[in-house]
Each structure stands twice: as structure tokens, then as C-alpha cells.
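Below is the file input_3.tsv, which contains TSV, C-alpha atoms.
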chain	number	residue	atom	x	y	z
B	1234	MET	CA	-24.76	-22.14	7.10
B	1235	ILE	CA	-27.25	-19.84	8.83
B	1236	ARG	CA	-24.70	-19.02	11.53
B	1237	ARG	CA	-22.12	-18.15	8.87
B	1238	LEU	CA	-24.58	-15.87	7.06
B	1239	LEU	CA	-25.50	-14.18	10.33
B	1240	ALA	CA	-21.81	-13.66	11.11
B	1241	VAL	CA	-21.20	-12.11	7.70
B	1242	ALA	CA	-24.24	-9.87	8.10
B	1243	ALA	CA	-23.05	-8.78	11.55
B	1244	MET	CA	-19.62	-7.90	10.16
B	1245	ALA	CA	-21.21	-5.87	7.35
B	1246	VAL	CA	-23.36	-3.96	9.85
B	1247	ALA	CA	-20.28	-3.32	11.99
B	1248	CYS	CA	-18.37	-1.97	8.99
B	1249	VAL	CA	-21.21	0.38	8.06
B	1250	ALA	CA	-21.48	1.58	11.66
B	1251	HIS	CA	-17.73	2.11	11.80
B	1252	ALA	CA	-17.86	4.17	8.58
B	1253	GLN	CA	-20.75	6.26	9.91
B	1254	ASP	CA	-18.79	7.07	13.08
B	1255	TYR	CA	-15.56	7.65	11.19
B	1256	PRO	CA	-13.50	9.58	11.99
B	1257	SER	CA	-13.76	10.01	15.74
B	1258	LYS	CA	-10.16	11.18	16.18
B	1259	PRO	CA	-7.37	12.79	14.09
B	1260	ILE	CA	-6.16	11.02	10.97
B	1261	ARG	CA	-2.40	10.71	10.53
B	1262	ILE	CA	-0.89	10.87	7.05
B	1263	ILE	CA	2.59	9.34	7.14
B	1264	ILE	CA	4.98	10.99	4.67
B	1265	PRO	CA	7.89	8.57	4.15
B	1266	SER	CA	10.42	11.25	3.15
B	1267	THR	CA	12.09	14.39	4.40
B	1268	PRO	CA	10.20	17.72	4.38
B	1269	GLY	CA	10.37	19.69	1.16
B	1270	GLY	CA	10.25	16.89	-1.43
B	1271	GLY	CA	7.54	15.82	-3.83
B	1272	THR	CA	6.04	13.20	-1.53
B	1273	ASP	CA	5.92	15.77	1.26
B	1274	TYR	CA	4.15	18.24	-1.03
B	1275	ILE	CA	1.51	15.69	-2.01
B	1276	GLY	CA	0.94	14.48	1.56
B	1277	ARG	CA	0.47	17.97	2.95
B	1278	LEU	CA	-1.64	19.15	0.02
B	1279	MET	CA	-4.05	16.22	0.23
B	1280	GLY	CA	-4.17	16.41	4.03
B	1281	ASN	CA	-5.01	20.11	3.96
B	1282	LYS	CA	-7.63	19.66	1.26
B	1283	LEU	CA	-9.24	16.73	3.10
B	1284	HIS	CA	-9.51	18.99	6.15
B	1285	GLU	CA	-11.08	21.72	3.99
B	1286	LEU	CA	-13.56	19.24	2.49
B	1287	ASN	CA	-14.77	17.58	5.69
B	1288	GLY	CA	-13.41	19.61	8.60
B	1289	TRP	CA	-11.52	16.51	9.77
B	1290	SER	CA	-8.35	16.82	11.80
B	1291	VAL	CA	-5.56	15.55	9.53
B	1292	VAL	CA	-1.98	15.46	10.82
B	1293	PRO	CA	0.99	14.99	8.43
B	1294	GLU	CA	4.03	13.23	9.90
B	1295	ASN	CA	7.37	12.82	8.13
B	1296	LYS	CA	8.99	9.39	8.57
B	1297	PRO	CA	12.03	9.23	6.25
B	1298	GLY	CA	14.52	6.40	6.07
B	1299	ALA	CA	15.43	3.14	4.33
B	1300	GLY	CA	14.92	4.65	0.89
B	1301	THR	CA	11.38	5.78	1.90
B	1302	ALA	CA	10.49	2.24	3.05
B	1303	LEU	CA	10.43	3.08	6.76
B	1304	GLY	CA	7.15	5.00	6.53
B	1305	LEU	CA	5.46	2.19	4.62
B	1306	ALA	CA	6.59	-0.33	7.24
B	1307	GLU	CA	5.12	1.83	10.01
B	1308	ALA	CA	1.81	2.10	8.17
B	1309	ALA	CA	1.73	-1.67	7.64
B	1310	ARG	CA	2.10	-2.20	11.41
B	1311	ALA	CA	-0.53	0.38	12.38
B	1312	PRO	CA	-4.04	-0.57	13.58
B	1313	ALA	CA	-6.31	-1.18	10.60
B	1314	GLN	CA	-8.92	1.40	11.56
B	1315	GLY	CA	-8.43	4.15	8.96
B	1316	TYR	CA	-6.54	6.55	11.23
B	1317	ASP	CA	-3.08	5.84	9.82
B	1318	LEU	CA	-2.61	6.53	6.13
B	1319	VAL	CA	0.61	6.73	4.13
B	1320	ILE	CA	1.68	8.34	0.88
B	1321	GLY	CA	3.04	5.49	-1.22
B	1322	GLN	CA	4.72	5.75	-4.60
B	1323	SER	CA	6.36	3.61	-7.24
B	1324	ASP	CA	9.63	3.65	-5.26
B	1325	ASN	CA	8.42	2.15	-2.00
B	1326	VAL	CA	5.40	0.17	-3.25
B	1327	THR	CA	6.75	-1.34	-6.46
B	1328	LEU	CA	10.54	-1.14	-6.61
B	1329	ILE	CA	12.14	-1.22	-3.17
B	1330	PRO	CA	10.40	-4.45	-2.05
B	1331	LEU	CA	11.84	-6.15	-5.16
B	1332	LEU	CA	15.36	-4.92	-4.54
B	1333	MET	CA	15.79	-4.71	-0.78
B	1334	LYS	CA	14.69	-6.56	2.32
B	1335	VAL	CA	11.83	-4.54	3.83
B	1336	ALA	CA	9.49	-5.08	6.76
B	1337	TYR	CA	6.28	-5.16	4.68
B	1338	ASP	CA	4.71	-6.83	1.69
B	1339	PRO	CA	3.12	-4.07	-0.43
B	1340	VAL	CA	0.30	-6.34	-1.63
B	1341	LYS	CA	-0.45	-8.28	1.57
B	1342	ASP	CA	0.21	-5.63	4.24
B	1343	LEU	CA	-1.22	-2.47	2.67
B	1344	ALA	CA	-4.64	-1.54	1.28
B	1345	PRO	CA	-4.68	0.84	-1.73
B	1346	VAL	CA	-7.04	3.73	-0.99
B	1347	ALA	CA	-6.64	6.32	-3.74
B	1348	LEU	CA	-4.31	7.00	-6.65
B	1349	VAL	CA	-3.43	10.70	-6.47
B	1350	ALA	CA	-1.17	11.46	-9.40
B	1351	THR	CA	1.44	10.30	-11.89
B	1352	THR	CA	4.61	12.08	-12.98
B	1353	PRO	CA	7.91	11.50	-14.77
B	1354	MET	CA	11.30	12.11	-13.22
B	1355	VAL	CA	13.55	14.97	-14.25
B	1356	LEU	CA	17.33	14.75	-14.75
B	1357	LEU	CA	19.26	17.76	-13.47
B	1358	VAL	CA	22.54	19.60	-13.14
B	1359	SER	CA	23.29	22.72	-11.09
B	1360	ASP	CA	23.03	26.16	-12.64
B	1361	SER	CA	26.84	26.44	-12.57
B	1362	SER	CA	27.42	23.10	-14.31
B	1363	PRO	CA	29.38	23.11	-17.58
B	1364	PHE	CA	26.89	20.57	-18.95
B	1365	LYS	CA	24.07	22.10	-20.97
B	1366	THR	CA	22.48	18.93	-22.35
B	1367	LEU	CA	22.02	15.29	-21.33
B	1368	PRO	CA	24.18	14.05	-24.26
B	1369	GLU	CA	27.06	16.16	-22.91
B	1370	VAL	CA	26.74	14.47	-19.50
B	1371	ILE	CA	26.62	11.02	-21.11
B	1372	GLU	CA	29.69	11.73	-23.26
B	1373	ALA	CA	31.71	12.92	-20.24
B	1374	ALA	CA	30.67	9.85	-18.25
B	1375	ARG	CA	31.68	7.56	-21.11
B	1376	LYS	CA	35.15	9.10	-21.26
B	1377	ALA	CA	35.72	8.83	-17.51
B	1378	PRO	CA	33.63	6.01	-15.97
B	1379	ASN	CA	32.65	6.43	-12.30
B	1380	THR	CA	34.25	9.87	-11.98
B	1381	LEU	CA	30.93	11.74	-12.13
B	1382	SER	CA	28.44	11.23	-9.29
B	1383	TYR	CA	24.67	11.37	-9.34
B	1384	GLY	CA	22.30	11.74	-6.40
B	1385	THR	CA	18.89	10.18	-5.82
B	1386	SER	CA	16.30	10.00	-3.05
B	1387	GLY	CA	17.46	6.50	-2.11
B	1388	THR	CA	18.82	3.14	-3.18
B	1389	GLY	CA	16.35	1.11	-5.22
B	1390	GLY	CA	14.06	4.08	-5.86
B	1391	GLY	CA	12.57	5.11	-9.19
B	1392	VAL	CA	15.32	7.59	-10.02
B	1393	HIS	CA	18.00	5.01	-9.20
B	1394	ILE	CA	16.33	2.43	-11.44
B	1395	ALA	CA	15.84	5.02	-14.21
B	1396	MET	CA	19.54	5.94	-14.04
B	1397	GLU	CA	20.61	2.29	-14.08
B	1398	MET	CA	18.41	1.77	-17.15
B	1399	LEU	CA	19.84	4.86	-18.86
B	1400	GLN	CA	23.43	3.83	-18.11
B	1401	HIS	CA	22.68	0.37	-19.51
B	1402	ALA	CA	21.10	1.83	-22.66
B	1403	ALA	CA	23.71	4.54	-23.30
B	1404	GLY	CA	26.84	2.68	-22.23
B	1405	PHE	CA	28.21	4.86	-19.43
B	1406	LYS	CA	28.76	4.57	-15.70
B	1407	MET	CA	28.39	7.08	-12.85
B	1408	GLN	CA	28.85	6.78	-9.12
B	1409	HIS	CA	25.51	6.54	-7.28
B	1410	VAL	CA	25.06	8.60	-4.09
B	1411	PRO	CA	21.77	7.78	-2.29
B	1412	TYR	CA	20.09	10.23	0.11
B	1413	LYS	CA	17.13	10.12	2.49
B	1414	GLY	CA	14.88	12.05	0.14
B	1415	SER	CA	15.18	14.40	-2.84
B	1416	ALA	CA	15.68	17.60	-0.86
B	1417	PRO	CA	19.15	16.75	0.55
B	1418	ALA	CA	20.26	15.36	-2.83
B	1419	LEU	CA	19.26	18.58	-4.57
B	1420	ALA	CA	20.97	20.64	-1.88
B	1421	ASP	CA	24.23	18.80	-2.54
B	1422	LEU	CA	23.75	19.21	-6.29
B	1423	MET	CA	23.48	22.97	-5.85
B	1424	GLY	CA	26.42	22.93	-3.45
B	1425	GLY	CA	28.68	21.28	-6.00
B	1426	HIS	CA	29.03	17.96	-4.19
B	1427	LEU	CA	27.28	16.13	-7.05
B	1428	GLN	CA	27.57	16.57	-10.82
B	1429	PHE	CA	24.12	15.19	-11.64
B	1430	ALA	CA	20.86	14.25	-9.97
B	1431	GLY	CA	17.45	12.82	-10.66
B	1432	SER	CA	14.25	13.87	-8.91
B	1433	SER	CA	10.51	14.06	-9.18
B	1434	ILE	CA	9.40	17.25	-10.92
B	1435	SER	CA	7.50	18.28	-7.79
B	1436	SER	CA	10.66	18.12	-5.69
B	1437	ALA	CA	12.68	20.17	-8.16
B	1438	ALA	CA	10.05	22.53	-9.63
B	1439	SER	CA	10.75	25.56	-7.45
B	1440	LEU	CA	14.52	25.21	-7.91
B	1441	ILE	CA	14.14	24.92	-11.69
B	1442	LYS	CA	11.91	27.99	-11.73
B	1443	ALA	CA	14.39	29.93	-9.60
B	1444	GLY	CA	17.23	28.98	-11.95
B	1445	LYS	CA	19.19	27.14	-9.26
B	1446	VAL	CA	19.19	23.84	-11.15
B	1447	ARG	CA	18.95	23.08	-14.87
B	1448	ALA	CA	16.54	20.46	-16.19
B	1449	LEU	CA	18.11	18.40	-18.99
B	1450	ALA	CA	15.46	15.75	-19.66
B	1451	VAL	CA	12.29	14.08	-18.37
B	1452	THR	CA	11.74	10.32	-18.33
B	1453	SER	CA	8.16	10.17	-19.65
B	1454	PRO	CA	7.25	9.22	-23.24
B	1455	LYS	CA	5.93	12.77	-23.83
B	1456	ARG	CA	7.04	16.17	-22.54
B	1457	ASN	CA	5.53	17.26	-19.26
B	1458	PRO	CA	3.22	20.31	-19.31
B	1459	ALA	CA	5.06	21.80	-16.31
B	1460	LEU	CA	8.36	21.69	-18.26
B	1461	PRO	CA	7.33	22.09	-21.90
B	1462	ASP	CA	10.82	23.14	-23.06
B	1463	VAL	CA	12.57	20.14	-21.51
B	1464	PRO	CA	13.05	17.19	-23.91
B	1465	THR	CA	12.32	13.57	-23.09
B	1466	VAL	CA	15.12	11.00	-22.85
B	1467	ALA	CA	13.48	9.27	-25.81
B	1468	GLU	CA	13.77	12.44	-27.91
B	1469	LEU	CA	17.50	12.52	-27.21
B	1470	GLY	CA	18.11	9.22	-28.95
B	1471	TYR	CA	16.95	6.50	-26.53
B	1472	LYS	CA	13.78	5.31	-28.19
B	1473	ASP	CA	11.02	3.86	-26.00
B	1474	PHE	CA	12.75	4.97	-22.79
B	1475	SER	CA	9.97	5.55	-20.26
B	1476	VAL	CA	9.94	5.66	-16.47
B	1477	VAL	CA	6.88	7.22	-14.81
B	1478	THR	CA	6.11	7.18	-11.11
B	1479	TYR	CA	2.77	7.18	-9.31
B	1480	TYR	CA	1.75	8.58	-5.92
B	1481	GLY	CA	-1.18	7.33	-3.89
B	1482	VAL	CA	-2.72	6.93	-0.46
B	1483	LEU	CA	-2.58	3.54	1.27
B	1484	ALA	CA	-3.82	2.20	4.59
B	1485	PRO	CA	-2.99	-0.88	6.67
B	1486	ALA	CA	-4.39	-4.12	5.26
B	1487	LYS	CA	-7.79	-5.13	6.66
B	1488	THR	CA	-8.88	-1.51	7.10
B	1489	PRO	CA	-12.71	-1.70	6.93
B	1490	ALA	CA	-13.89	-1.71	3.32
B	1491	ALA	CA	-16.48	0.98	4.05
B	1492	VAL	CA	-13.77	3.30	5.39
B	1493	VAL	CA	-11.56	2.69	2.34
B	1494	ALA	CA	-14.55	3.40	0.09
B	1495	ARG	CA	-15.34	6.64	1.96
B	1496	LEU	CA	-11.73	7.83	1.76
B	1497	ASN	CA	-11.49	6.89	-1.92
B	1498	ALA	CA	-14.64	8.86	-2.71
B	1499	ASP	CA	-13.40	11.91	-0.78
B	1500	PHE	CA	-9.92	11.89	-2.31
B	1501	ASN	CA	-11.39	11.43	-5.79
B	1502	LYS	CA	-13.76	14.33	-5.15
B	1503	LEU	CA	-10.74	16.47	-4.31
B	1504	LEU	CA	-8.91	15.33	-7.45
B	1505	THR	CA	-11.72	16.66	-9.65
B	1506	ARG	CA	-11.46	20.13	-8.11
B	1507	GLN	CA	-9.62	22.64	-10.27
B	1508	ASP	CA	-7.65	24.13	-7.38
B	1509	VAL	CA	-6.25	20.71	-6.47
B	1510	ARG	CA	-5.55	19.78	-10.09
B	1511	ASP	CA	-3.77	23.11	-10.63
B	1512	ALA	CA	-1.72	22.67	-7.46
B	1513	LEU	CA	-0.62	19.21	-8.62
B	1514	ALA	CA	0.02	20.36	-12.20
B	1515	SER	CA	2.29	23.16	-10.95
B	1516	GLN	CA	4.58	20.41	-9.66
B	1517	GLY	CA	4.46	18.33	-12.84
B	1518	LEU	CA	1.84	15.97	-11.38
B	1519	GLU	CA	-1.20	14.76	-13.31
B	1520	ALA	CA	-4.27	14.03	-11.17
B	1521	ASP	CA	-5.58	10.51	-11.77
B	1522	PRO	CA	-8.74	9.61	-9.77
B	1523	VAL	CA	-9.64	5.91	-9.96
B	1524	SER	CA	-11.32	3.37	-7.70
B	1525	SER	CA	-9.33	1.65	-4.97
B	1526	GLU	CA	-9.70	-1.59	-6.93
B	1527	GLU	CA	-8.19	0.01	-10.03
B	1528	PHE	CA	-5.34	1.40	-7.94
B	1529	ALA	CA	-4.70	-2.09	-6.56
B	1530	ALA	CA	-4.65	-3.51	-10.10
B	1531	LEU	CA	-2.16	-0.82	-11.16
B	1532	ILE	CA	0.15	-1.76	-8.29
B	1533	ARG	CA	0.04	-5.46	-9.14
B	1534	SER	CA	0.69	-4.73	-12.82
B	1535	ASP	CA	3.52	-2.32	-12.00
B	1536	ILE	CA	5.21	-4.88	-9.76
B	1537	GLY	CA	5.08	-7.45	-12.55
B	1538	LYS	CA	6.58	-5.05	-15.10
B	1539	ALA	CA	9.26	-3.87	-12.67
B	1540	ARG	CA	10.31	-7.44	-11.89
B	1541	GLN	CA	10.76	-8.10	-15.60
B	1542	THR	CA	12.66	-4.83	-16.18
B	1543	ILE	CA	15.04	-5.48	-13.28
B	1544	ALA	CA	15.81	-8.97	-14.60
B	1545	THR	CA	16.26	-7.80	-18.21
B	1546	ALA	CA	18.54	-4.88	-17.30
B	1547	GLY	CA	20.51	-6.97	-14.82
B	1548	ILE	CA	20.01	-4.39	-12.08
B	1549	VAL	CA	21.45	-5.44	-8.75
B	1550	VAL	CA	21.07	-3.33	-5.61
B	1551	GLN	CA	23.12	-4.06	-2.53
B	1552	GLN	CA	21.03	-4.66	0.57

Would you mind writing the structure in this file as C-alpha cells?
Amino acid sequence: MIRRLLAVAAMAVACVAHAQDYPSKPIRIIIPSTPGGGTDYIGRLMGNKLHELNGWSVVPENKPGAGTALGLAEAARAPAQGYDLVIGQSDNVTLIPLLMKVAYDPVKDLAPVALVATTPMVLLVSDSSPFKTLPEVIEAARKAPNTLSYGTSGTGGGVHIAMEMLQHAAGFKMQHVPYKGSAPALADLMGGHLQFAGSSISSAASLIKAGKVRALAVTSPKRNPALPDVPTVAELGYKDFSVVTYYGVLAPAKTPAAVVARLNADFNKLLTRQDVRDALASQGLEADPVSSEEFAALIRSDIGKARQTIATAGIVVQQ
């Protein structure tokens, strides 16, 4: 018993010492999407602000692929020392592992560090589209099933699930075209290769503001402050429709608890700053600082709800 207590005490001292020395080299933030999207914006913003706060060297690195799962898999394999972080979201933490075979278990292989923000998705057409409202799109899709195409950031992602839920609720069918991130999907929407697309508000905000795409609806229960004139799907006749995504920072499992606690405290400090909150709000993101334990509980709860939703809606994603 004494030996066990001494071993535990030694481990605790080692963790504290590790945290005091941390970081002794650059910290990598893996961004599991292409440059220019909402996840990229969040990763670079939080990396830059962490550097401003502490003077640490923080290096963002884009790792797109496998519907944003590739970056999570790389983080899960990284040494658990606090030098490899990843921007996770509802897509790759909650949904994709339920719908596709991936090389990580989001609960066992990753340690939640900090919840950054939550946001709805926005449903879009190009500025040259003949569709002015979401009901017009739905009516056209009902009349000609699978002739209209919609783009998303990847198979099994939040937008894909939201669109499958909407098609199920409204009785229409479109052709799904998955991309490696929101940016290429939105580019094809503007280029006329797609008739419809879904995206995070942060990915589409600048294009909406520039008038290059038209926002038809958001998927949250209430209108988003960044798009106050855009109705919710629920307002348009689909009561209780709600799909909201979260973004957060995760680390490899078994990262020292003291390091996770330090990072959580620093990220939460940033999320209370007005400049950071304003930067997130400009992209339709609502800052949401909580403890790492609360973030972990949110993930577990979200996985449970998603599993039930997928079964109820009969959503099947090809692997």
C-alpha cells in the first residue's frame, strides 16, 4: 500500500513538474480541414491568441481528409505530451465515428481540453440562383427527386446529417456531393456546379457579406446574431428542427492532467476577452468557456443523442 501511495505521489510530482516546464518547444494545432473554412478560422484565431497571451510558439497545420477525420486520427496517434492539439467539432468527434470506420475512438483516444464555441449551420444557394427561399428549393426537389445537388464538407458530417434530417422531414431528395472541407464546396456552389450547399456560418460569412452566396436558413432553434435576417428551418414550417455544432480543442489521451488544466485555463481566459468573442461572433460563433470535464460530458451526451437520431431517421452512410 505504501509503495502504491509513493508511486502515485511521484506521478503527481512529475505531472506538476511537467506543467511547470511546459511548453519547452512549439505547440502544433492540427486543423483537420482545408484552409479558409470555419475550422481553419478557429484554429488560427485561437493559436494566434494563445501566442499573444503567453508568447508561446504555436504552429497551425492543416490536415484535411476522410471527412475531417484524418486530423483527429493523427492527433490520437501523437505523443501525449501537450504539444499536439487538434480542433475537433461535432462532425469528427460525434458523428463521423458513428457512421464511418475511423482510426480513433473519440472518447478513448482523445482528451477534451477546451470547448471554444457553438454555432448553427447555414443553408445556401449562389447569388445567381433562381431560388430565393428554402421552401422554393424544397418544392423543386420534391418535383424532381435527385436532380438537384447539394454540397457539404464531407460524408457523415454535421451538414450531411442535417440535410438528411431535413429531407426526411420535408419529403424530398437531393444528390449529395461531399468535399474535403467547406471552402471547395462553396467554390463549386458559386461556380454553378451545385444548386445548394450547407456550411458553418464561419465558413460562409464573408461570402454572404460579399453577396456571392445567399443564406436561406439556419439550423439553430433561434436566429443567429450574425445573420439576424435569416430565418430558422423551424420558422419555415419544420417545428423543433435543430442541428447545432460545437468546436473545441482536444489532445491525445493520457496527456498530463496538469497540462490539460493549464491549457483549459488559458483558452478559457481568451474566451472571456472581448476581442476574441467579437472575432468569433463575426463568424456566427458563440464563445462557450467551460471546464475540460464539462466539455467531456458534452461530447458523451452528444454522441448518445446522435446515435439515437441516426437510428430514428434511418440515416445510412456508405463507408

Quiz item: Just how far from CA of Gln1516 in chain B is CA of Gln1408 in chain B, in Å to one decimal?
Solution: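 Interatomic distance, CA of Gln1408 in chain B to CA of Gln1516 in chain B: 27.8 Å.
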
Quiz item: What residues have an atom no more than 12 Å from (16.4, -0.3, -8.1) in the file's own frame, counting all atoms listed in the file, and can you write them as a ChimeraX atom specification?
Solution: /B:1300,1323-1325,1327-1333,1385-1398,1409,1411,1539-1540,1542-1544,1546-1552

Quiz item: At what distance in Å, to one decimal, does CA of Met1279 in chain B lie from CA of Pro1458 in chain B?
Solution: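 If I compute the distance from CA of Pro1458 in chain B to CA of Met1279 in chain B, I get 21.2 Å.
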
Self-check item: Non-local contacts of Asp1338 in chain B (10 Å; all atoms listed in the file; under 5 positions in same chain excluded) as a PyMOL selection string
Solution: chain B and resi 1305-1306+1309+1326+1330-1331+1343

Practice problem: Go through B:Ala1484, B:Ala1336, B:Ala1530, B:Leu1357 and flag the residue nearest Leu1440 in chain B, using only C-alpha atoms for the distances. | Solution: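 The shortest atom-to-atom distance to Leu1440 in chain B comes from B:Leu1357.
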
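Atom pair CA of Leu1513 in chain B / CA of Gly1321 in chain B has a distance of 16.0 Å (rounded to one decimal).
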
Exercise. Fewer than 6 positions away in the same chain doesn't count, so skip those; otherwise give me all residues within 9 Å of Ile1263 in chain B, counting all atoms listed in the file, as an MDAnalysis selection string.
Key: chainID B and resid 1276 1292:1296 1304:1305 1307:1308 1317:1320

Mind dumping a table of every range 1512-1540 of chain B residue within 8 Å of range 1424-1439 of chain B, with the nearest atom pair and its distance in Å to one decimal, using only C-alpha atoms, sorted by chain and rising number, as a Markdown table?
| residue | atom | partner | partner_atom | distance |
| --- | --- | --- | --- | --- |
| B:Ser1515 | CA | B:Ser1435 | CA | 7.8 |
| B:Gln1516 | CA | B:Ser1435 | CA | 4.1 |
| B:Gly1517 | CA | B:Ile1434 | CA | 5.4 |
| B:Leu1518 | CA | B:Ser1435 | CA | 7.1 |

Quiz item: Taking into account only C-alpha atoms, which residue in the set B:Asp1342, B:Asp1473, B:Asp1254, B:Asp1462 is nearest to Ala1313 in chain B?
Solution: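 Once distances to Ala1313 in chain B are computed over only C-alpha atoms, the minimum belongs to B:Asp1342.
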
Self-check item: From B:Thr1351, B:Ser1524, B:Ser1359, B:Thr1301, residue lying nearest Ala1448 in chain B [only C-alpha atoms]
Solution: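 Under the stated criterion, the closest residue is B:Ser1359.
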
Self-check item: 6 Å contact set for Lys1406 in chain B, all atoms listed in the file, chain neighbours under 6 positions out, as a list in words
Solution: Pro1378, Asn1379 and Gln1400 of chain B

Please build the interface table for range 1476-1537 of chain B against range 1280-1289 of chain B with a cut-off of 12 Å, listing for each qualifying residue the nearest atom pair and the distance in Å to one decimal; count all atoms listed in the file, order rows by chain and increasing number, and write it as a tab-separated table.
residue	atom	partner	partner_atom	distance
B:Val1482	CA	B:Gly1280	CA	10.6
B:Arg1495	CA	B:Asn1287	CA	11.6
B:Leu1496	CA	B:Leu1283	CA	9.3
B:Asn1497	CA	B:Leu1283	CA	11.3
B:Ala1498	CA	B:Leu1283	CA	11.2
B:Asp1499	CA	B:Leu1283	CA	7.5
B:Phe1500	CA	B:Leu1283	CA	7.3
B:Asn1501	CA	B:Leu1283	CA	10.6
B:Lys1502	CA	B:Leu1286	CA	9.1
B:Leu1503	CA	B:Lys1282	CA	7.1
B:Leu1504	CA	B:Lys1282	CA	9.8
B:Arg1506	CA	B:Lys1282	CA	10.1
B:Asp1508	CA	B:Lys1282	CA	9.7
B:Val1509	CA	B:Lys1282	CA	7.9
B:Arg1510	CA	B:Lys1282	CA	11.5
B:Ala1512	CA	B:Lys1282	CA	11.0

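Compared by their closest atoms to Tyr1316 in chain B, and using only C-alpha atoms, the residues B:Ser1453, B:Ser1415, B:Ser1257, B:Thr1352 rank with B:Ser1257 nearest.
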
Practice problem: Could you check which of B:Pro1489, B:Pro1368, B:Pro1312, B:Gly1270 is closest to Tyr1412 in chain B, using all atoms listed in the file? | Solution: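 Once distances to Tyr1412 in chain B are computed over all atoms listed in the file, the minimum belongs to B:Gly1270.
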
Self-check item: Using all atoms listed in the file: which of B:Met1423, B:Ile1262, B:Thr1380, B:Ile1536 has the shortest distance to Ser1362 in chain B
Solution: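 Using all atoms listed in the file, the shortest distance to Ser1362 in chain B belongs to B:Met1423.
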